[in-house]
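Visitor: Take a look at protein.cif, mmCIF, C-alpha atoms; chains and numbers go by the auth columns:
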```cif
data_input
loop_
_atom_site.group_PDB
_atom_site.id
_atom_site.type_symbol
_atom_site.label_atom_id
_atom_site.label_comp_id
_atom_site.label_asym_id
_atom_site.label_seq_id
_atom_site.Cartn_x
_atom_site.Cartn_y
_atom_site.Cartn_z
_atom_site.B_iso_or_equiv
_atom_site.auth_seq_id
_atom_site.auth_asym_id
ATOM 1 C CA MET A 1 77.176 116.204 83.015 0.00 166 A
ATOM 2 C CA TRP A 2 78.186 117.084 86.621 0.00 167 A
ATOM 3 C CA PRO A 3 78.076 120.564 88.163 0.00 168 A
ATOM 4 C CA MET A 4 81.782 120.316 88.996 0.00 169 A
ATOM 5 C CA THR A 5 84.688 118.504 87.399 0.00 170 A
ATOM 6 C CA PRO A 6 85.280 115.121 89.060 0.00 171 A
ATOM 7 C CA ASN A 7 88.752 114.622 90.534 0.00 172 A
ATOM 8 C CA TRP A 8 89.440 111.053 89.329 0.00 173 A
ATOM 9 C CA ARG A 9 91.981 108.883 91.165 0.00 174 A
ATOM 10 C CA THR A 10 92.977 105.246 91.469 0.00 175 A
ATOM 11 C CA SER A 11 93.960 103.302 94.543 0.00 176 A
ATOM 12 C CA SER A 12 97.552 103.422 95.713 0.00 177 A
ATOM 13 C CA TYR A 13 97.406 99.598 95.488 0.00 178 A
ATOM 14 C CA THR A 14 96.831 99.754 91.721 0.00 179 A
ATOM 15 C CA LYS A 15 99.657 98.102 89.814 0.00 180 A
ATOM 16 C CA SER A 16 98.066 98.133 86.338 0.00 181 A
ATOM 17 C CA ASP A 17 95.345 99.818 84.328 0.00 182 A
ATOM 18 C CA THR A 18 92.793 97.080 85.055 0.00 183 A
ATOM 19 C CA CYS A 19 90.927 98.762 87.857 0.00 184 A
ATOM 20 C CA VAL A 20 88.433 101.510 88.545 0.00 185 A
ATOM 21 C CA GLU A 21 88.830 105.209 89.175 0.00 186 A
ATOM 22 C CA VAL A 22 86.897 107.017 91.877 0.00 187 A
ATOM 23 C CA ALA A 23 85.941 110.674 92.234 0.00 188 A
ATOM 24 C CA ASP A 24 84.782 111.753 95.686 0.00 189 A
ATOM 25 C CA ASN A 25 84.806 115.523 95.286 0.00 190 A
ATOM 26 C CA VAL A 26 81.304 115.740 93.759 0.00 191 A
ATOM 27 C CA PRO A 27 78.755 116.668 96.465 0.00 192 A
ATOM 28 C CA ASP A 28 76.417 113.906 97.662 0.00 193 A
ATOM 29 C CA LYS A 29 77.793 111.144 95.400 0.00 194 A
ATOM 30 C CA ILE A 30 80.812 108.991 94.701 0.00 195 A
ATOM 31 C CA LEU A 31 81.567 108.452 91.014 0.00 196 A
ATOM 32 C CA VAL A 32 83.167 105.246 89.731 0.00 197 A
ATOM 33 C CA ARG A 33 84.417 104.440 86.215 0.00 198 A
ATOM 34 C CA ASP A 34 86.501 101.827 84.403 0.00 199 A
ATOM 35 C CA THR A 35 90.106 102.864 83.703 0.00 200 A
ATOM 36 C CA LYS A 36 90.122 100.891 80.457 0.00 201 A
ATOM 37 C CA ASP A 37 87.078 102.723 79.043 0.00 202 A
ATOM 38 C CA ARG A 38 86.866 106.139 80.677 0.00 203 A
ATOM 39 C CA ASP A 39 84.353 107.497 78.148 0.00 204 A
ATOM 40 C CA ARG A 40 81.851 104.779 78.897 0.00 205 A
ATOM 41 C CA ALA A 41 79.201 105.021 81.615 0.00 206 A
ATOM 42 C CA THR A 42 79.968 106.368 85.070 0.00 207 A
ATOM 43 C CA MET A 43 78.369 104.800 88.124 0.00 208 A
ATOM 44 C CA SER A 44 77.085 107.051 90.909 0.00 209 A
ATOM 45 C CA VAL A 45 76.948 105.729 94.491 0.00 210 A
ATOM 46 C CA GLN A 46 75.706 107.327 97.707 0.00 211 A
ATOM 47 C CA PRO A 47 78.617 108.181 100.060 0.00 212 A
ATOM 48 C CA ALA A 48 77.245 106.015 102.906 0.00 213 A
ATOM 49 C CA SER A 49 76.957 102.994 100.612 0.00 214 A
ATOM 50 C CA TRP A 50 80.473 103.565 99.250 0.00 215 A
ATOM 51 C CA GLY A 51 81.831 103.775 102.799 0.00 216 A
ATOM 52 C CA GLU A 52 80.209 100.453 103.700 0.00 217 A
ATOM 53 C CA PHE A 53 81.621 98.859 100.535 0.00 218 A
ATOM 54 C CA VAL A 54 85.150 100.107 101.231 0.00 219 A
ATOM 55 C CA GLU A 55 84.932 98.915 104.834 0.00 220 A
ATOM 56 C CA PHE A 56 83.712 95.487 103.675 0.00 221 A
ATOM 57 C CA ILE A 57 86.475 94.937 101.124 0.00 222 A
ATOM 58 C CA GLY A 58 89.057 96.003 103.677 0.00 223 A
ATOM 59 C CA GLN A 59 88.090 93.102 105.943 0.00 224 A
ATOM 60 C CA ASP A 60 89.944 89.818 106.013 0.00 225 A
ATOM 61 C CA ILE A 61 87.330 87.747 104.206 0.00 226 A
ATOM 62 C CA ARG A 62 87.784 83.991 104.332 0.00 227 A
ATOM 63 C CA VAL A 63 85.514 81.476 102.641 0.00 228 A
ATOM 64 C CA THR A 64 84.815 78.369 104.697 0.00 229 A
ATOM 65 C CA ASP A 65 82.874 75.281 103.761 0.00 230 A
#
```
Using structure tokens, write down the structure from this file.
Guide:
Amino acid sequence: MWPMTPNWRTSSYTKSDTCVEVADNVPDKILVRDTKDRDRATMSVQPASWGEFVEFIGQDIRVTD
């Protein structure tokens, strides 16, 4: 599947198994999978896009009407 074995990890904030795992040791892509169904599909994301996503979710997001 991948030329190297992905090094899967979860966030240090994870308190249960209802999250995603990320592998960032595969060149030119970030791999994401569901911890509840690891054998199911894996999503591949470009590193720049993943970085923007992580930066966005780290912001203090407030919804205002």
Visitor: Hey, what's within 9 Å of Thr207 of chain A if we count all atoms listed in the file and toss same-chain stuff fewer than 2 positions away? As JSON, numbers by chain, please?
Guide: {"A": [196, 197, 198, 199, 203, 204, 205, 209]}
Visitor: Identify which of the residues A:Met169, A:Ala213, A:Met208, A:Ile222 lies closest to Glu186 of chain A, counting all atoms listed in the file when measuring atom-to-atom distances.
Guide: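 Closest residue, counting all atoms listed in the file: A:Met208.
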Visitor: Just to confirm, what's the straight-line distance from atom CA of Thr170 of chain A to atom CA of Val219 of chain A in Å (one decimal)?
Guide: 23.0 Å
Visitor: From the list A:Pro212, A:Thr200, A:Ala206, A:Gln224, which residue is nearest Thr183 of chain A when using all atoms listed in the file?
Guide: A:Thr200
Visitor: For the structure provided, state which residues fall under the PyMOL selection byres ((chain A and resi 172-177) around 8), and present them as a VMD selection string.
Guide: chain A and resid 170 to 171 178 to 179 184 to 190
Visitor: Pull the neighbourhood of (74.2, 114.2, 94.8) for me: all residues within 9 Å in file coordinates, counting all atoms listed in the file, as a ChimeraX atom specification.
Guide: /A:191-195,209-211
Visitor: Convert the current residue selection to file output with C-alpha atoms, as a CSV table (one decimal), keeping the file's coordinate frame.
Guide:
```csv
chain,number,residue,atom,x,y,z
A,191,VAL,CA,81.3,115.7,93.8
A,192,PRO,CA,78.8,116.7,96.5
A,193,ASP,CA,76.4,113.9,97.7
A,194,LYS,CA,77.8,111.1,95.4
A,195,ILE,CA,80.8,109.0,94.7
A,209,SER,CA,77.1,107.1,90.9
A,210,VAL,CA,76.9,105.7,94.5
A,211,GLN,CA,75.7,107.3,97.7
```
